[in-house]
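input28.txt (compact mmCIF, C-alpha atoms)
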```txt
# COMPACT_ATOMS: atom_id res chain seq x y z
CA MET A 374 -29.89 -139.46 54.38
CA GLU A 375 -31.75 -142.76 54.17
CA ARG A 376 -32.98 -144.44 57.33
CA GLU A 377 -30.70 -147.49 56.97
CA THR A 378 -27.65 -145.26 56.59
CA ILE A 379 -28.61 -143.24 59.67
CA ILE A 380 -29.04 -146.40 61.76
CA LYS A 381 -25.64 -147.70 60.64
CA GLN A 382 -23.99 -144.41 61.61
CA LEU A 383 -25.78 -144.50 64.96
CA ASP A 384 -24.48 -148.01 65.62
CA ALA A 385 -20.95 -146.86 64.81
CA LEU A 386 -21.25 -143.87 67.15
CA TYR A 387 -22.58 -146.05 69.96
CA ALA A 388 -19.60 -148.36 69.46
CA SER A 389 -17.17 -145.43 69.65
CA GLY A 390 -18.49 -144.55 73.11
CA ASP A 391 -18.33 -140.75 72.64
CA PRO A 392 -21.69 -139.26 73.73
CA ARG A 393 -20.83 -135.79 72.38
CA ASP A 394 -20.51 -137.07 68.82
CA LEU A 395 -23.71 -139.08 69.22
CA GLU A 396 -25.66 -136.09 70.54
CA ALA A 397 -24.47 -133.82 67.71
CA PHE A 398 -25.39 -136.42 65.09
CA LEU A 399 -28.87 -136.99 66.55
CA LEU A 400 -29.66 -133.29 66.81
CA THR A 401 -28.59 -132.72 63.21
CA GLN A 402 -30.63 -135.63 61.90
CA LEU A 403 -33.66 -134.58 63.96
CA ASP A 404 -33.58 -131.15 62.34
CA LEU A 405 -33.30 -132.69 58.87
CA ALA A 406 -36.17 -135.10 59.55
CA ASP A 407 -38.32 -132.24 60.82
CA GLN A 408 -37.57 -130.09 57.77
CA SER A 409 -38.41 -132.92 55.37
CA GLY A 410 -41.59 -133.93 57.22
CA GLU A 411 -40.31 -137.46 57.99
CA TRP A 412 -42.15 -137.68 61.29
CA LYS A 413 -41.69 -141.44 61.78
CA LEU A 414 -37.92 -141.03 61.43
CA TRP A 415 -38.11 -138.06 63.79
CA ILE A 416 -39.77 -140.26 66.42
CA THR A 417 -37.07 -142.93 66.06
CA LEU A 418 -34.30 -140.36 66.45
CA SER A 419 -36.06 -138.62 69.32
CA ASN A 420 -36.27 -141.90 71.23
CA GLU A 421 -32.54 -142.38 70.76
CA LEU A 422 -31.87 -138.87 72.03
CA ILE A 423 -34.16 -139.38 75.04
CA GLY A 424 -32.13 -142.45 75.99
CA LEU A 425 -28.84 -140.61 75.56
CA TYR A 426 -29.93 -137.62 77.64
CA ARG A 427 -31.21 -139.94 80.35
CA GLU A 428 -27.86 -141.72 80.60
CA LEU A 429 -26.03 -138.38 80.65
CA GLY A 430 -28.25 -137.15 83.46
CA LYS A 431 -29.81 -134.41 81.31
CA TYR A 432 -33.30 -135.13 82.60
CA ALA A 433 -34.90 -131.84 81.57
CA GLU A 434 -33.84 -132.33 77.95
CA ALA A 435 -34.91 -135.97 78.02
CA LEU A 436 -38.33 -135.06 79.41
CA ARG A 437 -38.80 -132.30 76.83
CA TYR A 438 -38.23 -134.70 73.92
CA PHE A 439 -40.39 -137.36 75.60
CA GLN A 440 -43.30 -134.94 75.88
CA SER A 441 -42.84 -133.71 72.30
CA THR A 442 -42.80 -137.28 71.00
CA CYS A 443 -45.95 -138.22 72.93
CA GLN A 444 -47.67 -135.13 71.53
CA LEU A 445 -46.71 -136.18 68.00
CA PHE A 446 -48.17 -139.67 68.57
CA ALA A 447 -51.44 -138.04 69.67
CA GLU A 448 -51.51 -135.73 66.63
CA LYS A 449 -50.93 -138.63 64.24
CA GLY A 450 -53.48 -140.92 65.91
CA MET A 451 -50.72 -143.39 66.82
CA GLU A 452 -51.34 -143.78 70.53
CA GLY A 453 -51.65 -147.41 71.65
CA THR A 454 -49.22 -148.64 69.00
CA VAL A 455 -45.92 -150.46 69.48
CA PRO A 456 -43.82 -147.36 68.64
CA HIS A 457 -45.86 -145.43 71.20
CA ALA A 458 -45.08 -148.11 73.80
CA THR A 459 -41.37 -147.70 73.03
CA THR A 460 -41.62 -144.01 73.84
CA LEU A 461 -43.57 -144.74 77.03
CA MET A 462 -40.74 -147.06 78.09
CA ASN A 463 -38.24 -144.31 77.40
CA GLY A 464 -40.26 -141.93 79.55
CA ALA A 465 -40.41 -144.50 82.33
CA ASN A 466 -36.64 -144.87 82.14
CA ILE A 467 -36.25 -141.12 82.68
CA TYR A 468 -38.32 -141.25 85.85
CA ARG A 469 -36.58 -144.37 87.14
CA THR A 470 -33.09 -142.98 86.76
CA ALA A 471 -34.23 -139.64 88.20
CA GLY A 472 -35.40 -141.46 91.35
CA LYS A 473 -39.16 -141.33 90.64
CA PRO A 474 -40.14 -145.03 90.83
CA ASP A 475 -43.92 -144.56 91.09
CA GLN A 476 -44.10 -142.54 87.88
CA ALA A 477 -41.76 -145.02 86.20
CA ALA A 478 -43.85 -148.04 87.19
CA ALA A 479 -47.05 -146.41 85.89
CA LEU A 480 -45.52 -145.79 82.46
CA TYR A 481 -43.94 -149.26 82.29
CA LEU A 482 -47.31 -150.87 83.06
CA GLU A 483 -49.05 -148.71 80.44
CA ALA A 484 -46.43 -149.73 77.88
CA LEU A 485 -46.71 -153.41 78.85
CA CYS A 486 -50.48 -153.29 78.28
CA VAL A 487 -49.93 -151.84 74.79
CA LEU A 488 -47.28 -154.40 73.85
CA GLU A 489 -49.26 -157.39 75.09
CA LYS A 490 -52.16 -156.29 72.87
CA ASN A 491 -49.98 -155.86 69.78
CA LEU A 492 -47.13 -158.37 69.93
CA PRO A 493 -46.61 -162.15 70.20
CA GLU A 494 -46.30 -163.46 73.73
CA LYS A 495 -42.56 -164.09 73.34
CA ASP A 496 -41.20 -160.83 71.97
CA TYR A 497 -37.93 -159.30 73.14
CA ARG A 498 -39.64 -155.94 73.79
CA ILE A 499 -42.02 -157.54 76.27
CA ALA A 500 -39.00 -159.14 77.94
CA GLY A 501 -37.35 -155.74 78.15
CA LEU A 502 -40.38 -154.30 79.88
CA HIS A 503 -40.42 -157.09 82.45
CA ASN A 504 -36.74 -156.44 83.08
CA ASN A 505 -37.32 -152.72 83.56
CA LEU A 506 -40.25 -153.27 85.89
CA SER A 507 -38.09 -155.57 87.95
CA LEU A 508 -35.48 -152.82 88.33
CA VAL A 509 -38.08 -150.44 89.73
CA TYR A 510 -39.16 -153.05 92.27
CA LEU A 511 -35.55 -153.90 93.16
CA GLU A 512 -34.77 -150.24 93.78
CA GLN A 513 -37.81 -150.08 96.08
CA GLY A 514 -36.63 -153.17 97.96
CA LYS A 515 -39.55 -155.24 96.64
CA GLN A 516 -37.57 -158.34 95.69
CA GLN A 517 -40.56 -160.68 95.72
CA GLU A 518 -42.40 -158.47 93.24
CA ALA A 519 -39.32 -158.21 91.04
CA LEU A 520 -38.60 -161.95 90.81
CA PRO A 521 -41.53 -163.06 88.58
CA HIS A 522 -40.79 -160.26 86.12
CA LEU A 523 -37.14 -161.32 85.87
CA LEU A 524 -37.98 -164.98 85.40
CA ARG A 525 -40.54 -164.07 82.74
CA ALA A 526 -38.01 -161.89 80.94
CA LEU A 527 -35.39 -164.64 80.97
CA SER A 528 -37.79 -167.30 79.69
CA ILE A 529 -38.72 -165.07 76.73
CA LEU A 530 -35.14 -164.11 75.89
CA GLU A 531 -33.80 -167.66 76.05
CA ALA A 532 -36.31 -168.61 73.35
CA LEU A 533 -35.16 -165.83 71.02
CA PRO A 534 -32.00 -165.63 68.89
CA GLY A 535 -29.78 -162.56 69.04
CA THR A 536 -30.56 -161.67 72.66
CA THR A 537 -27.22 -162.54 74.26
CA SER A 538 -26.66 -159.11 75.81
CA GLU A 539 -30.23 -158.91 77.07
CA GLN A 540 -29.91 -162.34 78.68
CA ALA A 541 -26.66 -161.22 80.33
CA SER A 542 -28.37 -158.17 81.82
CA THR A 543 -31.25 -160.30 83.10
CA HIS A 544 -28.84 -162.69 84.81
CA THR A 545 -27.17 -159.63 86.38
CA ASN A 546 -30.50 -158.42 87.72
CA LEU A 547 -31.29 -161.87 89.10
CA ALA A 548 -27.87 -161.95 90.78
CA SER A 549 -28.57 -158.58 92.41
CA LEU A 550 -31.90 -159.82 93.70
CA TYR A 551 -30.46 -163.04 95.14
CA CYS A 552 -27.57 -161.17 96.72
CA HIS A 553 -29.94 -158.81 98.52
CA VAL A 554 -31.98 -161.67 99.95
CA GLY A 555 -28.84 -163.51 101.09
CA GLN A 556 -28.84 -166.31 98.51
CA ILE A 557 -25.19 -165.81 97.61
CA ARG A 558 -24.61 -169.07 95.73
CA GLN A 559 -27.58 -168.32 93.48
CA ALA A 560 -26.22 -164.82 92.93
CA GLU A 561 -22.81 -166.17 91.94
CA LYS A 562 -24.38 -168.63 89.52
CA HIS A 563 -26.18 -165.84 87.69
CA LEU A 564 -23.10 -163.61 87.74
CA GLU A 565 -20.97 -166.32 86.13
CA ARG A 566 -23.60 -166.89 83.47
CA GLY A 567 -23.97 -163.15 82.88
CA LYS A 568 -20.21 -162.77 82.45
CA GLU A 569 -20.12 -165.62 79.91
CA LEU A 570 -22.93 -164.02 77.92
CA PHE A 571 -21.42 -160.52 77.95
CA GLU A 572 -18.16 -161.98 76.67
CA ALA A 573 -20.00 -163.96 74.00
CA ALA A 574 -21.71 -160.73 72.87
CA GLY A 575 -18.39 -159.00 72.33
CA GLY A 576 -17.44 -157.80 75.79
CA ARG A 577 -18.01 -154.04 75.38
CA ASP A 578 -21.38 -153.22 76.90
CA PRO A 579 -22.42 -150.42 79.29
CA HIS A 580 -24.53 -152.88 81.28
CA PHE A 581 -21.37 -154.78 82.23
CA ALA A 582 -20.89 -152.13 84.94
CA ALA A 583 -23.96 -153.47 86.76
CA LEU A 584 -22.49 -156.97 86.75
CA LEU A 585 -19.21 -155.68 88.21
CA SER A 586 -21.10 -153.77 90.91
CA THR A 587 -23.06 -156.86 91.84
CA TRP A 588 -19.85 -158.88 92.09
CA ALA A 589 -18.67 -156.21 94.55
CA ASP A 590 -21.84 -156.73 96.61
CA VAL A 591 -21.14 -160.46 96.74
CA CYS A 592 -17.56 -159.80 97.84
CA CYS A 593 -18.80 -157.50 100.61
CA THR A 594 -20.98 -160.28 102.03
CA ARG A 595 -17.71 -162.21 102.54
CA LYS A 596 -15.89 -159.12 103.86
CA ASP A 597 -13.49 -159.34 100.90
CA TYR A 598 -13.24 -155.57 100.58
CA ASP A 599 -10.11 -155.57 98.41
CA SER A 600 -11.90 -157.49 95.67
CA ALA A 601 -15.04 -155.39 96.11
CA ALA A 602 -13.03 -152.19 95.63
CA ALA A 603 -11.42 -153.60 92.49
CA TYR A 604 -14.79 -154.51 90.97
CA LEU A 605 -16.26 -151.10 91.77
CA GLY A 606 -13.26 -149.33 90.29
CA GLN A 607 -13.75 -151.30 87.07
CA ALA A 608 -17.45 -150.43 87.09
CA LEU A 609 -16.64 -146.73 87.36
CA ALA A 610 -14.31 -146.99 84.38
CA VAL A 611 -17.00 -148.69 82.28
CA ILE A 612 -19.65 -146.11 83.17
CA GLU A 613 -17.38 -143.14 82.50
CA SER A 614 -16.23 -144.55 79.17
CA PHE A 615 -19.82 -144.70 77.91
CA PHE A 616 -21.66 -141.88 79.67
CA GLY A 617 -19.23 -139.73 81.60
CA LYS A 618 -19.85 -139.03 85.27
CA ASN A 619 -23.61 -139.55 85.46
CA ARG A 620 -25.96 -140.63 88.28
CA SER A 621 -24.83 -144.27 88.04
CA TYR A 622 -21.22 -143.10 88.36
CA ALA A 623 -22.11 -141.16 91.51
CA ILE A 624 -23.94 -144.12 93.07
CA VAL A 625 -21.03 -146.49 92.40
CA SER A 626 -18.63 -143.85 93.78
CA GLN A 627 -20.61 -143.77 97.02
CA ASN A 628 -20.53 -147.56 97.22
CA LEU A 629 -16.78 -147.57 96.61
CA ALA A 630 -16.34 -144.96 99.36
CA LEU A 631 -18.10 -147.27 101.81
CA VAL A 632 -15.79 -150.12 100.85
CA LEU A 633 -12.68 -147.94 101.14
CA ASP A 634 -13.77 -146.88 104.64
CA LYS A 635 -13.85 -150.54 105.64
CA ASN A 636 -10.50 -151.04 103.94
CA GLY A 637 -8.79 -148.28 105.89
CA HIS A 638 -8.62 -145.63 103.15
CA PRO A 639 -10.65 -142.73 104.58
CA ASP A 640 -9.05 -140.00 102.48
CA GLU A 641 -9.86 -141.73 99.20
CA ALA A 642 -13.36 -142.45 100.47
CA SER A 643 -13.89 -138.79 101.37
CA ALA A 644 -12.76 -137.62 97.93
CA LEU A 645 -15.18 -140.01 96.24
CA ARG A 646 -18.06 -138.85 98.41
CA GLN A 647 -17.35 -135.23 97.59
CA GLU A 648 -17.27 -135.99 93.87
CA ALA A 649 -20.51 -137.98 94.11
CA GLU A 650 -22.21 -135.16 96.00
CA SER A 651 -21.13 -132.70 93.32
CA ILE A 652 -22.63 -134.91 90.62
CA PHE A 653 -25.91 -135.32 92.53
CA THR A 654 -26.15 -131.56 93.07
CA LYS A 655 -25.77 -130.95 89.36
CA LEU A 656 -28.34 -133.62 88.51
CA GLN A 657 -30.82 -132.25 91.05
CA ALA A 658 -30.52 -128.85 89.43
CA ASP A 659 -31.39 -130.44 86.10
CA ILE A 660 -34.40 -132.24 87.64
CA GLU A 661 -35.66 -128.92 89.03
CA LYS A 662 -35.07 -127.36 85.62
CA GLY A 663 -37.40 -130.04 84.23
CA GLY A 664 -40.24 -128.54 86.29
CA ASN A 665 -42.92 -131.20 86.68
CA LEU A 666 -40.47 -134.13 86.45
```

Take the structure in this file and express it as structure tokens.
Amino acid sequence: MERETIIKQLDALYASGDPRDLEAFLLTQLDLADQSGEWKLWITLSNELIGLYRELGKYAEALRYFQSTCQLFAEKGMEGTVPHATTLMNGANIYRTAGKPDQAAALYLEALCVLEKNLPEKDYRIAGLHNNLSLVYLEQGKQQEALPHLLRALSILEALPGTTSEQASTHTNLASLYCHVGQIRQAEKHLERGKELFEAAGGRDPHFAALLSTWADVCCTRKDYDSAAAYLGQALAVIESFFGKNRSYAIVSQNLALVLDKNGHPDEASALRQEAESIFTKLQADIEKGGNL
């Protein structure tokens, strides 16, 4: 199957939102690429599979393909190239979502160094790296370190066509930052802009869940727990529709449980906590399966 045809089928499978079909397709195409010696295609498909396994919480599988892809770059003398940086970013994403921020930051910075040597200053991939670095810092509570990366990402994306979804995600991240430092009006401004951009991009996007969760945070600052619960419930539905009940689903479930406690619904809150704990236990087992993750 030609590369263009494979990419079109991938796009269609992403749009369908069924990760099982996507996984089966990627595994089949990886085998075919391996058999035919199309190693560049294999790398492209492997990166897609790494991202899928990360979102599904299958960290051991994601790490295995990440390591195999890095080994192939070394064998082909392709380290320090833009495709290699893409794989480094994918590896960093594994560590970030598995709760290993230090390892994630190291890989993001290595990838950023490669991209800045090989790409124009205003390239969407450099913007993506700044966005991802900001998420690591936000998760560590380092808002002041995250802010310049977010502003840099937004300035790059606003100068590039076809980056509506990426701009929306950046506004969401800025809203989260401003909410956590108590600048609620700034947070709302970025949330409104993010919502407009997501809708302009077609409306169906897995990153929309982050915007809904941040709206819930804003509502909680005003003690509007009914609205917060509604936003978090919508976020859960978005996450499950794309990735099933993964780590993000468990985190949002815990946040919703906190809101339901404040709202006088302890039984529902308890059920959500139990489900979240079950998901985390399963994910931890997969992290341990990954060995040196």

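Residue nearest Thr594 in chain A within the list A:Ala406, A:Ala560, A:Leu527, A:Cys443: A:Ala560 [criterion: smallest interatomic distance, only C-alpha atoms].
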
| task | Please identify all polymer residues within 12 Å of Ser389 in chain A, counting only C-alpha atoms, omitting same-chain residues fewer than 6 positions from it, and present them as a PyMOL selection string. | result | chain A and resi 382-383+395+577-578+614-616

| request: Fewer than 3 positions away in the same chain doesn't count, so skip those; otherwise give me all residues within 9 Å of range 459-476 of chain A, counting all atoms listed in the file, as a ChimeraX atom specification. | output: /A:416,419-421,423-424,426-428,430,432,435-436,439-440,442-443,454-456,479-481,483-485,488,498,502,505,508-510,512-513,620-621,656-657,660,666

Would you export the selected residues with C-alpha atoms as a PDB file, in the coordinates of the input, please?
```pdb
ATOM      1  CA  ILE A 416     -39.770-140.260  66.420  1.00  0.00           C
ATOM      2  CA  SER A 419     -36.060-138.620  69.320  1.00  0.00           C
ATOM      3  CA  ASN A 420     -36.270-141.900  71.230  1.00  0.00           C
ATOM      4  CA  GLU A 421     -32.540-142.380  70.760  1.00  0.00           C
ATOM      5  CA  ILE A 423     -34.160-139.380  75.040  1.00  0.00           C
ATOM      6  CA  GLY A 424     -32.130-142.450  75.990  1.00  0.00           C
ATOM      7  CA  TYR A 426     -29.930-137.620  77.640  1.00  0.00           C
ATOM      8  CA  ARG A 427     -31.210-139.940  80.350  1.00  0.00           C
ATOM      9  CA  GLU A 428     -27.860-141.720  80.600  1.00  0.00           C
ATOM     10  CA  GLY A 430     -28.250-137.150  83.460  1.00  0.00           C
ATOM     11  CA  TYR A 432     -33.300-135.130  82.600  1.00  0.00           C
ATOM     12  CA  ALA A 435     -34.910-135.970  78.020  1.00  0.00           C
ATOM     13  CA  LEU A 436     -38.330-135.060  79.410  1.00  0.00           C
ATOM     14  CA  PHE A 439     -40.390-137.360  75.600  1.00  0.00           C
ATOM     15  CA  GLN A 440     -43.300-134.940  75.880  1.00  0.00           C
ATOM     16  CA  THR A 442     -42.800-137.280  71.000  1.00  0.00           C
ATOM     17  CA  CYS A 443     -45.950-138.220  72.930  1.00  0.00           C
ATOM     18  CA  THR A 454     -49.220-148.640  69.000  1.00  0.00           C
ATOM     19  CA  VAL A 455     -45.920-150.460  69.480  1.00  0.00           C
ATOM     20  CA  PRO A 456     -43.820-147.360  68.640  1.00  0.00           C
ATOM     21  CA  ALA A 479     -47.050-146.410  85.890  1.00  0.00           C
ATOM     22  CA  LEU A 480     -45.520-145.790  82.460  1.00  0.00           C
ATOM     23  CA  TYR A 481     -43.940-149.260  82.290  1.00  0.00           C
ATOM     24  CA  GLU A 483     -49.050-148.710  80.440  1.00  0.00           C
ATOM     25  CA  ALA A 484     -46.430-149.730  77.880  1.00  0.00           C
ATOM     26  CA  LEU A 485     -46.710-153.410  78.850  1.00  0.00           C
ATOM     27  CA  LEU A 488     -47.280-154.400  73.850  1.00  0.00           C
ATOM     28  CA  ARG A 498     -39.640-155.940  73.790  1.00  0.00           C
ATOM     29  CA  LEU A 502     -40.380-154.300  79.880  1.00  0.00           C
ATOM     30  CA  ASN A 505     -37.320-152.720  83.560  1.00  0.00           C
ATOM     31  CA  LEU A 508     -35.480-152.820  88.330  1.00  0.00           C
ATOM     32  CA  VAL A 509     -38.080-150.440  89.730  1.00  0.00           C
ATOM     33  CA  TYR A 510     -39.160-153.050  92.270  1.00  0.00           C
ATOM     34  CA  GLU A 512     -34.770-150.240  93.780  1.00  0.00           C
ATOM     35  CA  GLN A 513     -37.810-150.080  96.080  1.00  0.00           C
ATOM     36  CA  ARG A 620     -25.960-140.630  88.280  1.00  0.00           C
ATOM     37  CA  SER A 621     -24.830-144.270  88.040  1.00  0.00           C
ATOM     38  CA  LEU A 656     -28.340-133.620  88.510  1.00  0.00           C
ATOM     39  CA  GLN A 657     -30.820-132.250  91.050  1.00  0.00           C
ATOM     40  CA  ILE A 660     -34.400-132.240  87.640  1.00  0.00           C
ATOM     41  CA  LEU A 666     -40.470-134.130  86.450  1.00  0.00           C
TER      42      LEU A 666
END
```

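When CA of Ala541 in chain A is paired with CA of Glu572 in chain A, their separation reads 9.3 Å.
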
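Excluding range 645-652 of chain A itself and any same-chain residue fewer than 3 positions from it, the protein and nucleic acid residues within 6 Å of it, counting only C-alpha atoms, are Ala623, Ser626, Gln627, Ala630, Ala642 and Lys655 of chain A.
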
| range 596-598 of chain A: which residues within 10 Å, counting only C-alpha atoms, same-chain residues fewer than 5 positions away excluded, as a list in words? | Ala589, Asp590, Val591, Ala603, Tyr604, Leu629, Leu631, Val632, Leu633, Asp634, Lys635 and Asn636 of chain A

| task | Identify the residues around (-36.9, -154.6, 91.7) within a radius of 12 Å, measuring from only C-alpha atoms in the coordinates stated by the file, and give them as a PyMOL selection string. | result | chain A and resi 469+474+478+503-523+543+546-551+553-554

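What separates CA of Thr654 in chain A from CA of Ala433 in chain A is a distance of 14.5 Å.
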
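Atom to atom, CA of Pro639 in chain A and CA of Gly555 in chain A stand 27.8 Å apart.
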
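Considering the residues A:Leu605, A:Ala610, A:Cys486, A:Met451 and counting all atoms listed in the file, Val625 in chain A has its shortest atom-to-atom contact with A:Leu605.
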
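When only C-alpha atoms are used to measure the gap to Ile499 in chain A, the shortest distance among A:Val611, A:Ile529, A:Ala477, A:Ala601 belongs to A:Ile529.
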
| Near Gly501 in chain A, counting all atoms listed in the file, which residues have an atom at most 9 Å away, once you skip same-chain residues fewer than 6 positions from it, shown as a ChimeraX atom specification? | /A:526,530,539

Find the smallest box with edges along x, y and z containing every listed atom of range 576-595 of chain A, then add 3 Å on each side and report centre and edge lengths in Å to one decimal, as JSON.
```
{"center_x": -21.0, "center_y": -156.3, "center_z": 89.0, "size_x": 13.1, "size_y": 17.8, "size_z": 33.2}
```

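Of the residues listed (A:Phe653, A:Tyr497, A:Phe398, A:Phe571), A:Phe398 shows the shortest atom-to-atom separation from Ala385 in chain A; distances use all atoms listed in the file.
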